[in-house]
Every structure is written in C-alpha cells, then in structure tokens.
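The block underneath contains the structure these notes are about, expressed in structure tokens.
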Amino acid sequence: MRRSGWRYGQWALVAGASEGLGAAFAAQLAARGMNLVLVARRSHLLANLKEQLTATYGIEVRCFVIDLADPACGEALAESVAGIDLGIVVYNAAFTPVGPFLDAESEEIEQAVDVNVRGPLLALRALVPPMCKRGTGAVVLMSSLAGLQGTPNISVYAASKAFNLILAEGLWYELRSHGIDVVACCAGAMRTPGYVRSFGRDVPGMLSPDEAARRTLDGLGRGPRLVPGRINQITALLMGRVLPRRAAVRLIGRNTKHLT
Ligand SMILES: NC(=O)c1ccc[n+]([C@@H]2O[C@H](COP(=O)([O-])OP(=O)(O)OC[C@H]3O[C@@H](n4cnc5c(N)ncnc54)[C@H](OP(=O)(O)O)[C@@H]3O)[C@@H](O)[C@H]2O)c1
C-alpha cells in the first residue's frame, strides 16, 4: 500500500511513538510511504515497531530514546533529524495526572507541564524552521475533547490540551505563508494502553487509535482543528458551542467523578 509523492516529502517524526496513538501515527505514515524518526523513552517498544514497519512497508525507520520532559530535548530532536529533510512533525507524547488537583504530587504536575506544554514548544522551535526554509511541511499537535472545557479530576491535563489547541490555531495562521499546514487533533477517548491505565472504562464513540490517526492525517491541510469521529464531533459541538460553559463543565465533571 506504499504511496509515493505525498506532498510533505519523505520523512516524518513522531514524538511519543512507542505505543498507543503514537504507534498508530507511525503505522499510518508508513502506509503513506513516509520514512520515520520515532522518539520515546522505551527503546524495546520502538525497536519492535521499527521491525514491524520496515518489514511491512519497506520504509526506513530511525529510533531515538529522548525524554521529552528534558529541557534539552529540543537539541536532541534537532540531532535526530540531522541530514534528512523532515516533512511532518507529530507531537503526540503526553503525561496525564489523574485525580483531584489538591491530591496531586508536585512532580506529576511538573511532568505534565514539561511533556505536554514545554515539550511541543521546544520540538517545534527545533524542527519547524528548516521546514519553513524548504517551504513545505505539516505539524500535528495532540489536543483532546478534554481540552475544550475545564475537565475536573484531569484539570491539569485538560488545560495542557487546551494549550496545544490554541498554540496550533495561532501557528496554523502564522506558518501557512511558509507552506506549513498545522492542525490540532481534538481526539475523543481511544482505548490505548495509556487510556486503559489512566481511565479504564469505555465511553460512547471511541475510535481505534488507527482510525483516529488515519483521519487526522487525511485532514492535514484542513486545520486549524480537527475532531476525528462523528460522535466526537457532536460532543465537541455540544460542549463548545451549545451548552453554557458552567453546564459543560458540570456535565463533564459528572463523567470524570470516578477519577477521584
Ligand atoms: N487515549 C485517549 O483516549 C486520548 C484522547 C484524547 C487525546 N489523546 C492524546 O493523544 C496522545 C496519545 O495518547 P495515548 O493514549 O496514546 O498516550 P500514551 O499511551 O500515554 O502514550 C504516550 C506516548 O508518549 C510517550 N511519552 C510519554 N512521556 C514521554 C516522555 N517524557 N518522553 C518521551 N516520550 C514520552 C510514550 O512513550 P514512552 O513511555 O516509551 O516514553 C508513549 O509512546 C496524547 O497526546 C493524548 O493527550 C488521547
């Protein structure tokens, strides 16, 4: 199923690629014929994914163990793409502190800020300028339906996802004159290993990670925000446009009550 000549060139980087949605992005990019730079902390998961994708799609895959919570991750990411023309950046990694804000350890809150907020900023500052120089490329930032309003018991995570959404919207406008398509993916719940660890239970309208990644990549160029899945789109409309703010937060609060 290898396709050639996709307008973003030959190479894509997925930050947070070792499992879940990140691994699905990697597979969907590989199916489009892109060579891959895969970044995460667990090298054995990256190595397994590399083996699988090279065997299935005949692409080139380079794996890098980089901690995206590290303030020096921008330099490490820049080194990981030395000598290649990067066409797509997917910043997928996230950390999700679950539970009441007052009960959270400071380290958990800092980790969420480091990985979910500083990480994408450092990644984009390191990776996007060469794409702008070439005049073509795409950026995917992961947001969430949880980032469309305050979300009790995952308040810090939800706020970090709102940050990514607003960042993507601003950059969508700023970077389009440089030939860069930016999109925020406001995904609904997907049964990834991270989701199962943090939340456990299924909700209506869940897409598979593969489906969410496929729809997001199909939506490149149609930014600034994209909500994969019909039920998720209706939820986004209801929460973001129809319900008054207080009602939206109360409604979501009832759904996340079990996380206390
Ligand atoms: N799952 C859902 O229901 C859902 C819904 C809406 C939005 N999202 C968003 O979609 C994205 C992926 O979700 P997911 O459920 O697949 O997440 P996940 O299972 O928690 O996976 C996150 C990925 O990021 C990597 N990562 C985490 N911290 C890292 C760090 N410090 N340095 C490097 N890599 C790191 C992990 O790899 P290592 O641990 O190997 O480093 C893993 O590959 C997230 O941005 C999330 O906010 C998810």
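Residue names in the structure tokens use chain letters A, B, ... in the order shown, residue numbers from 1 in each chain, and ligand numbers from 1 in the order shown.
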query: Mind checking DSSP for region 140-203 of chain A and telling me the strand (DSSP E) residues as number ranges by chain?
result: A: 140-144, 180-187
N, CA and C atoms of the current selection, written as a PDB file, in the first residue's frame:
ATOM      1  N   VAL A 140       1.329  18.204  13.455  1.00  0.00           N
ATOM      2  CA  VAL A 140       0.141  17.760  14.195  1.00  0.00           C
ATOM      3  C   VAL A 140       0.443  17.930  15.680  1.00  0.00           C
ATOM      4  N   LEU A 141      -0.417  18.689  16.378  1.00  0.00           N
ATOM      5  CA  LEU A 141      -0.327  18.770  17.833  1.00  0.00           C
ATOM      6  C   LEU A 141      -1.538  18.053  18.416  1.00  0.00           C
ATOM      7  N   MET A 142      -1.296  17.238  19.437  1.00  0.00           N
ATOM      8  CA  MET A 142      -2.410  16.480  20.020  1.00  0.00           C
ATOM      9  C   MET A 142      -3.112  17.302  21.090  1.00  0.00           C
ATOM     10  N   SER A 143      -4.390  17.558  20.820  1.00  0.00           N
ATOM     11  CA  SER A 143      -5.263  18.097  21.842  1.00  0.00           C
ATOM     12  C   SER A 143      -6.260  16.997  22.198  1.00  0.00           C
ATOM     13  N   SER A 144      -7.414  17.376  22.701  1.00  0.00           N
ATOM     14  CA  SER A 144      -8.358  16.372  23.191  1.00  0.00           C
ATOM     15  C   SER A 144      -9.716  17.038  23.385  1.00  0.00           C
ATOM     16  N   ILE A 180       3.513  25.627   5.634  1.00  0.00           N
ATOM     17  CA  ILE A 180       3.362  24.596   6.669  1.00  0.00           C
ATOM     18  C   ILE A 180       1.894  24.490   7.082  1.00  0.00           C
ATOM     19  N   ASP A 181       1.352  23.273   7.023  1.00  0.00           N
ATOM     20  CA  ASP A 181      -0.018  23.004   7.480  1.00  0.00           C
ATOM     21  C   ASP A 181       0.034  22.580   8.943  1.00  0.00           C
ATOM     22  N   VAL A 182      -0.666  23.321   9.797  1.00  0.00           N
ATOM     23  CA  VAL A 182      -0.699  22.963  11.227  1.00  0.00           C
ATOM     24  C   VAL A 182      -2.121  22.541  11.592  1.00  0.00           C
ATOM     25  N   VAL A 183      -2.217  21.463  12.348  1.00  0.00           N
ATOM     26  CA  VAL A 183      -3.531  21.032  12.805  1.00  0.00           C
ATOM     27  C   VAL A 183      -3.442  20.551  14.253  1.00  0.00           C
ATOM     28  N   ALA A 184      -4.486  20.910  15.023  1.00  0.00           N
ATOM     29  CA  ALA A 184      -4.647  20.322  16.365  1.00  0.00           C
ATOM     30  C   ALA A 184      -5.668  19.216  16.241  1.00  0.00           C
ATOM     31  N   CYS A 185      -5.309  18.039  16.724  1.00  0.00           N
ATOM     32  CA  CYS A 185      -6.243  16.916  16.710  1.00  0.00           C
ATOM     33  C   CYS A 185      -6.929  16.843  18.077  1.00  0.00           C
ATOM     34  N   CYS A 186      -8.223  17.172  18.098  1.00  0.00           N
ATOM     35  CA  CYS A 186      -9.004  17.095  19.355  1.00  0.00           C
ATOM     36  C   CYS A 186      -9.647  15.716  19.406  1.00  0.00           C
ATOM     37  N   ALA A 187      -8.859  14.753  19.845  1.00  0.00           N
ATOM     38  CA  ALA A 187      -9.344  13.363  19.836  1.00  0.00           C
ATOM     39  C   ALA A 187     -10.284  13.124  21.010  1.00  0.00           C
TER      40      ALA A 187
END
Determine, for each residue of chain A having at least one atom at most 6 Å from an atom of ligand 1, the closest pair of atoms and their separation in Å to one decimal, counting only C-alpha atoms and all ligand atoms; order by chain and ascending number, as JSON lines.
{"residue": "A:Gly16", "atom": "CA", "partner": "ligand 1", "partner_atom_place_in_ligand_line": "24 (O)", "distance": 3.4}
{"residue": "A:Ala17", "atom": "CA", "partner": "ligand 1", "partner_atom_place_in_ligand_line": "43 (O)", "distance": 4.3}
{"residue": "A:Ser18", "atom": "CA", "partner": "ligand 1", "partner_atom_place_in_ligand_line": "43 (O)", "distance": 3.7}
{"residue": "A:Glu19", "atom": "CA", "partner": "ligand 1", "partner_atom_place_in_ligand_line": "43 (O)", "distance": 4.5}
{"residue": "A:Gly20", "atom": "CA", "partner": "ligand 1", "partner_atom_place_in_ligand_line": "16 (O)", "distance": 3.6}
{"residue": "A:Leu21", "atom": "CA", "partner": "ligand 1", "partner_atom_place_in_ligand_line": "16 (O)", "distance": 3.8}
{"residue": "A:Gly22", "atom": "CA", "partner": "ligand 1", "partner_atom_place_in_ligand_line": "43 (O)", "distance": 5.7}
{"residue": "A:Ala40", "atom": "CA", "partner": "ligand 1", "partner_atom_place_in_ligand_line": "34 (N)", "distance": 3.7}
{"residue": "A:Arg41", "atom": "CA", "partner": "ligand 1", "partner_atom_place_in_ligand_line": "41 (O)", "distance": 3.5}
{"residue": "A:Arg42", "atom": "CA", "partner": "ligand 1", "partner_atom_place_in_ligand_line": "40 (O)", "distance": 3.8}
{"residue": "A:Ile66", "atom": "CA", "partner": "ligand 1", "partner_atom_place_in_ligand_line": "33 (C)", "distance": 5.7}
{"residue": "A:Asp67", "atom": "CA", "partner": "ligand 1", "partner_atom_place_in_ligand_line": "32 (N)", "distance": 3.7}
{"residue": "A:Leu68", "atom": "CA", "partner": "ligand 1", "partner_atom_place_in_ligand_line": "32 (N)", "distance": 3.8}
{"residue": "A:Ala69", "atom": "CA", "partner": "ligand 1", "partner_atom_place_in_ligand_line": "31 (N)", "distance": 4.5}
{"residue": "A:Asn92", "atom": "CA", "partner": "ligand 1", "partner_atom_place_in_ligand_line": "45 (O)", "distance": 4.4}
{"residue": "A:Ala93", "atom": "CA", "partner": "ligand 1", "partner_atom_place_in_ligand_line": "24 (O)", "distance": 3.4}
{"residue": "A:Ala94", "atom": "CA", "partner": "ligand 1", "partner_atom_place_in_ligand_line": "45 (O)", "distance": 4.4}
{"residue": "A:Phe95", "atom": "CA", "partner": "ligand 1", "partner_atom_place_in_ligand_line": "28 (N)", "distance": 5.6}
{"residue": "A:Val115", "atom": "CA", "partner": "ligand 1", "partner_atom_place_in_ligand_line": "31 (N)", "distance": 5.6}
{"residue": "A:Met142", "atom": "CA", "partner": "ligand 1", "partner_atom_place_in_ligand_line": "45 (O)", "distance": 4.7}
{"residue": "A:Ser143", "atom": "CA", "partner": "ligand 1", "partner_atom_place_in_ligand_line": "7 (C)", "distance": 5.6}
{"residue": "A:Ser144", "atom": "CA", "partner": "ligand 1", "partner_atom_place_in_ligand_line": "6 (C)", "distance": 4.1}
{"residue": "A:Ala187", "atom": "CA", "partner": "ligand 1", "partner_atom_place_in_ligand_line": "6 (C)", "distance": 4.2}
{"residue": "A:Gly188", "atom": "CA", "partner": "ligand 1", "partner_atom_place_in_ligand_line": "5 (C)", "distance": 4.7}
{"residue": "A:Ala189", "atom": "CA", "partner": "ligand 1", "partner_atom_place_in_ligand_line": "3 (O)", "distance": 3.2}
{"residue": "A:Met190", "atom": "CA", "partner": "ligand 1", "partner_atom_place_in_ligand_line": "3 (O)", "distance": 3.8}
{"residue": "A:Arg191", "atom": "CA", "partner": "ligand 1", "partner_atom_place_in_ligand_line": "1 (N)", "distance": 5.9}
{"residue": "A:Thr192", "atom": "CA", "partner": "ligand 1", "partner_atom_place_in_ligand_line": "15 (O)", "distance": 4.8}
{"residue": "A:Pro193", "atom": "CA", "partner": "ligand 1", "partner_atom_place_in_ligand_line": "19 (O)", "distance": 4.9}
{"residue": "A:Gly194", "atom": "CA", "partner": "ligand 1", "partner_atom_place_in_ligand_line": "19 (O)", "distance": 3.3}
{"residue": "A:Tyr195", "atom": "CA", "partner": "ligand 1", "partner_atom_place_in_ligand_line": "1 (N)", "distance": 4.6}
Go ahead and save the picked residues with N, CA and C atoms, as a PDB file, in the first residue's frame.
ATOM      1  N   GLY A  16       6.787  10.529  20.847  1.00  0.00           N
ATOM      2  CA  GLY A  16       5.861   9.733  21.657  1.00  0.00           C
ATOM      3  C   GLY A  16       5.277   8.627  20.799  1.00  0.00           C
ATOM      4  N   ALA A  17       6.181   7.790  20.238  1.00  0.00           N
ATOM      5  CA  ALA A  17       5.755   6.826  19.209  1.00  0.00           C
ATOM      6  C   ALA A  17       5.704   5.393  19.686  1.00  0.00           C
ATOM      7  N   SER A  18       6.028   5.134  20.957  1.00  0.00           N
ATOM      8  CA  SER A  18       6.281   3.733  21.333  1.00  0.00           C
ATOM      9  C   SER A  18       5.021   2.886  21.471  1.00  0.00           C
ATOM     10  N   GLU A  19       3.869   3.518  21.731  1.00  0.00           N
ATOM     11  CA  GLU A  19       2.642   2.713  21.848  1.00  0.00           C
ATOM     12  C   GLU A  19       1.436   3.617  21.623  1.00  0.00           C
ATOM     13  N   GLY A  20       0.250   3.022  21.643  1.00  0.00           N
ATOM     14  CA  GLY A  20      -0.980   3.794  21.555  1.00  0.00           C
ATOM     15  C   GLY A  20      -1.099   4.582  20.268  1.00  0.00           C
ATOM     16  N   LEU A  21      -1.600   5.796  20.389  1.00  0.00           N
ATOM     17  CA  LEU A  21      -1.849   6.617  19.207  1.00  0.00           C
ATOM     18  C   LEU A  21      -0.550   6.933  18.452  1.00  0.00           C
ATOM     19  N   GLY A  22       0.544   7.134  19.174  1.00  0.00           N
ATOM     20  CA  GLY A  22       1.812   7.452  18.505  1.00  0.00           C
ATOM     21  C   GLY A  22       2.254   6.332  17.583  1.00  0.00           C
ATOM     22  N   ALA A  40      10.779   8.164  21.748  1.00  0.00           N
ATOM     23  CA  ALA A  40      10.099   7.858  23.017  1.00  0.00           C
ATOM     24  C   ALA A  40      11.192   7.443  24.007  1.00  0.00           C
ATOM     25  N   ARG A  41      10.780   6.977  25.201  1.00  0.00           N
ATOM     26  CA  ARG A  41      11.788   6.537  26.182  1.00  0.00           C
ATOM     27  C   ARG A  41      12.016   5.035  26.146  1.00  0.00           C
ATOM     28  N   ARG A  42      10.985   4.246  25.818  1.00  0.00           N
ATOM     29  CA  ARG A  42      11.130   2.780  25.902  1.00  0.00           C
ATOM     30  C   ARG A  42      11.676   2.214  24.589  1.00  0.00           C
ATOM     31  N   ILE A  66      14.637   9.624  23.642  1.00  0.00           N
ATOM     32  CA  ILE A  66      14.722  11.024  24.101  1.00  0.00           C
ATOM     33  C   ILE A  66      13.619  11.227  25.130  1.00  0.00           C
ATOM     34  N   ASP A  67      13.983  11.813  26.266  1.00  0.00           N
ATOM     35  CA  ASP A  67      12.973  12.151  27.270  1.00  0.00           C
ATOM     36  C   ASP A  67      12.446  13.551  26.957  1.00  0.00           C
ATOM     37  N   LEU A  68      11.204  13.617  26.546  1.00  0.00           N
ATOM     38  CA  LEU A  68      10.621  14.896  26.117  1.00  0.00           C
ATOM     39  C   LEU A  68      10.306  15.814  27.291  1.00  0.00           C
ATOM     40  N   ALA A  69      10.487  15.315  28.518  1.00  0.00           N
ATOM     41  CA  ALA A  69      10.368  16.178  29.700  1.00  0.00           C
ATOM     42  C   ALA A  69      11.669  16.924  29.985  1.00  0.00           C
ATOM     43  N   ASN A  92       2.946  13.848  19.815  1.00  0.00           N
ATOM     44  CA  ASN A  92       1.877  13.009  20.369  1.00  0.00           C
ATOM     45  C   ASN A  92       2.043  12.737  21.864  1.00  0.00           C
ATOM     46  N   ALA A  93       3.268  12.828  22.372  1.00  0.00           N
ATOM     47  CA  ALA A  93       3.530  12.426  23.761  1.00  0.00           C
ATOM     48  C   ALA A  93       2.723  13.264  24.748  1.00  0.00           C
ATOM     49  N   ALA A  94       2.310  12.619  25.817  1.00  0.00           N
ATOM     50  CA  ALA A  94       1.607  13.349  26.877  1.00  0.00           C
ATOM     51  C   ALA A  94       1.756  12.600  28.191  1.00  0.00           C
ATOM     52  N   PHE A  95       1.587  13.356  29.268  1.00  0.00           N
ATOM     53  CA  PHE A  95       1.534  12.759  30.600  1.00  0.00           C
ATOM     54  C   PHE A  95       0.222  13.219  31.241  1.00  0.00           C
ATOM     55  N   VAL A 115       6.117  17.733  29.631  1.00  0.00           N
ATOM     56  CA  VAL A 115       5.894  16.897  28.434  1.00  0.00           C
ATOM     57  C   VAL A 115       4.822  17.502  27.526  1.00  0.00           C
ATOM     58  N   MET A 142      -1.296  17.238  19.437  1.00  0.00           N
ATOM     59  CA  MET A 142      -2.410  16.480  20.020  1.00  0.00           C
ATOM     60  C   MET A 142      -3.112  17.302  21.090  1.00  0.00           C
ATOM     61  N   SER A 143      -4.390  17.558  20.820  1.00  0.00           N
ATOM     62  CA  SER A 143      -5.263  18.097  21.842  1.00  0.00           C
ATOM     63  C   SER A 143      -6.260  16.997  22.198  1.00  0.00           C
ATOM     64  N   SER A 144      -7.414  17.376  22.701  1.00  0.00           N
ATOM     65  CA  SER A 144      -8.358  16.372  23.191  1.00  0.00           C
ATOM     66  C   SER A 144      -9.716  17.038  23.385  1.00  0.00           C
ATOM     67  N   ALA A 187      -8.859  14.753  19.845  1.00  0.00           N
ATOM     68  CA  ALA A 187      -9.344  13.363  19.836  1.00  0.00           C
ATOM     69  C   ALA A 187     -10.284  13.124  21.010  1.00  0.00           C
ATOM     70  N   GLY A 188     -11.234  12.229  20.787  1.00  0.00           N
ATOM     71  CA  GLY A 188     -12.020  11.702  21.895  1.00  0.00           C
ATOM     72  C   GLY A 188     -11.305  10.474  22.452  1.00  0.00           C
ATOM     73  N   ALA A 189     -11.945   9.826  23.405  1.00  0.00           N
ATOM     74  CA  ALA A 189     -11.287   8.682  24.056  1.00  0.00           C
ATOM     75  C   ALA A 189     -10.982   7.557  23.055  1.00  0.00           C
ATOM     76  N   MET A 190      -9.793   6.982  23.194  1.00  0.00           N
ATOM     77  CA  MET A 190      -9.367   5.813  22.398  1.00  0.00           C
ATOM     78  C   MET A 190      -8.797   4.794  23.378  1.00  0.00           C
ATOM     79  N   ARG A 191      -9.033   3.529  23.121  1.00  0.00           N
ATOM     80  CA  ARG A 191      -8.546   2.513  24.059  1.00  0.00           C
ATOM     81  C   ARG A 191      -7.062   2.218  23.811  1.00  0.00           C
ATOM     82  N   THR A 192      -6.202   3.145  24.225  1.00  0.00           N
ATOM     83  CA  THR A 192      -4.750   2.951  24.129  1.00  0.00           C
ATOM     84  C   THR A 192      -4.260   2.387  25.464  1.00  0.00           C
ATOM     85  N   PRO A 193      -3.050   1.862  25.516  1.00  0.00           N
ATOM     86  CA  PRO A 193      -2.532   1.405  26.818  1.00  0.00           C
ATOM     87  C   PRO A 193      -2.552   2.516  27.868  1.00  0.00           C
ATOM     88  N   GLY A 194      -2.226   3.749  27.437  1.00  0.00           N
ATOM     89  CA  GLY A 194      -2.234   4.880  28.376  1.00  0.00           C
ATOM     90  C   GLY A 194      -3.645   5.165  28.880  1.00  0.00           C
ATOM     91  N   TYR A 195      -4.618   5.084  27.991  1.00  0.00           N
ATOM     92  CA  TYR A 195      -6.013   5.337  28.388  1.00  0.00           C
ATOM     93  C   TYR A 195      -6.477   4.267  29.376  1.00  0.00           C
TER      94      TYR A 195
END
field: Leu127 (chain A) environment, 9 Å, only C-alpha atoms, sequence neighbours closer than 5 positions dropped, as a list in words
entry: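 Close residues of Leu127 (chain A): Gly74, Leu77, Ala78, Val81, Leu86, Val89 and Leu122 of chain A.
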Output C-alpha atoms for every residue in the selection just made, as a PDB file, in the first residue's frame.
ATOM      1  CA  GLY A  74      14.950  20.369  21.525  1.00  0.00           C
ATOM      2  CA  LEU A  77      15.319  16.258  18.452  1.00  0.00           C
ATOM      3  CA  ALA A  78      17.299  18.523  16.110  1.00  0.00           C
ATOM      4  CA  VAL A  81      16.817  14.676  12.069  1.00  0.00           C
ATOM      5  CA  LEU A  86      11.759  16.411   7.664  1.00  0.00           C
ATOM      6  CA  VAL A  89       6.123  16.501  12.859  1.00  0.00           C
ATOM      7  CA  LEU A 122      10.833  23.002  22.192  1.00  0.00           C
TER       8      LEU A 122
END
query: Which residues, written as a VMD selection string, have at least one atom at most 9 Å from region 102-112 of chain A, with only C-alpha atoms counted and residues fewer than 4 positions away on the same chain left out?
result: chain A and resid 69 94 to 98 116 to 117 156 to 157 160
Would you mind listing what lies within 12 Å of Ala146 (chain A) as a PDB file with C-alpha atoms, in the first residue's frame, with only C-alpha atoms counted and same-chain residues fewer than 6 positions away left out?
ATOM      1  CA  THR A  96      -1.825  12.567  32.397  1.00  0.00           C
ATOM      2  CA  PRO A 152     -12.443  18.026  36.675  1.00  0.00           C
ATOM      3  CA  ASN A 153     -10.026  15.417  38.043  1.00  0.00           C
ATOM      4  CA  ILE A 154      -7.811  15.755  34.989  1.00  0.00           C
ATOM      5  CA  SER A 155      -7.735  19.564  35.196  1.00  0.00           C
ATOM      6  CA  VAL A 156      -4.000  19.969  34.546  1.00  0.00           C
ATOM      7  CA  TYR A 157      -4.007  17.544  31.615  1.00  0.00           C
ATOM      8  CA  ALA A 158      -7.092  19.213  30.109  1.00  0.00           C
ATOM      9  CA  ALA A 159      -5.517  22.659  30.455  1.00  0.00           C
ATOM     10  CA  SER A 160      -2.378  21.392  28.717  1.00  0.00           C
ATOM     11  CA  LYS A 161      -4.524  20.071  25.859  1.00  0.00           C
ATOM     12  CA  ALA A 162      -6.239  23.487  25.580  1.00  0.00           C
ATOM     13  CA  PHE A 163      -2.739  24.980  25.338  1.00  0.00           C
ATOM     14  CA  ASN A 164      -1.906  22.729  22.382  1.00  0.00           C
ATOM     15  CA  LEU A 165      -5.167  23.621  20.648  1.00  0.00           C
ATOM     16  CA  CYS A 185      -6.243  16.916  16.710  1.00  0.00           C
ATOM     17  CA  CYS A 186      -9.004  17.095  19.355  1.00  0.00           C
ATOM     18  CA  ALA A 187      -9.344  13.363  19.836  1.00  0.00           C
ATOM     19  CA  GLY A 188     -12.020  11.702  21.895  1.00  0.00           C
ATOM     20  CA  ALA A 189     -11.287   8.682  24.056  1.00  0.00           C
ATOM     21  CA  VAL A 227     -12.161  16.270  15.648  1.00  0.00           C
ATOM     22  CA  ASN A 232     -16.853  13.129  18.932  1.00  0.00           C
ATOM     23  CA  THR A 235     -19.784  16.109  21.551  1.00  0.00           C
ATOM     24  CA  ALA A 236     -17.419  18.951  20.613  1.00  0.00           C
ATOM     25  CA  MET A 239     -19.645  21.168  24.795  1.00  0.00           C
ATOM     26  CA  GLY A 240     -18.024  24.039  22.900  1.00  0.00           C
ATOM     27  CA  ALA A 248     -20.478  21.929  30.015  1.00  0.00           C
ATOM     28  CA  VAL A 249     -18.030  21.715  32.929  1.00  0.00           C
ATOM     29  CA  LEU A 251     -21.619  17.647  32.658  1.00  0.00           C
ATOM     30  CA  ILE A 252     -18.029  16.563  32.086  1.00  0.00           C
ATOM     31  CA  GLY A 253     -17.442  16.661  35.844  1.00  0.00           C
ATOM     32  CA  ASN A 255     -18.379  11.848  33.773  1.00  0.00           C
ATOM     33  CA  THR A 256     -14.964  12.161  35.422  1.00  0.00           C
TER      34      THR A 256
END
- prompt: Smallest atom-to-atom distance to Leu167 (chain A): which of A:Pro129, A:Arg118, A:Ser198, A:Pro204, using only C-alpha atoms?
  reply: A:Arg118
- request: Go through region 6-180 of chain A and collect every residue that DSSP, computed from the backbone, puts in alpha helix (DSSP H); the answer should be as a PyMOL selection string.
  value: chain A and resi 20-31+43-57+73-80+106-113+119-134+155-176
- request: Fewer than 3 positions away in the same chain doesn't count, so skip those; otherwise give me all residues within 12 Å of Asp85 (chain A), counting only C-alpha atoms, as a PyMOL selection string.
  value: chain A and resi 8-13+34-37+78+80-82+88-89+127-137
task: Counting only C-alpha atoms, figure out which residue out of A:Val65, A:Val139, A:Leu217, A:Ala26 gets nearest to His44 (chain A).
output: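 Of A:Val65, A:Val139, A:Leu217, A:Ala26, the one nearest His44 (chain A), counting only C-alpha atoms, is A:Val65.
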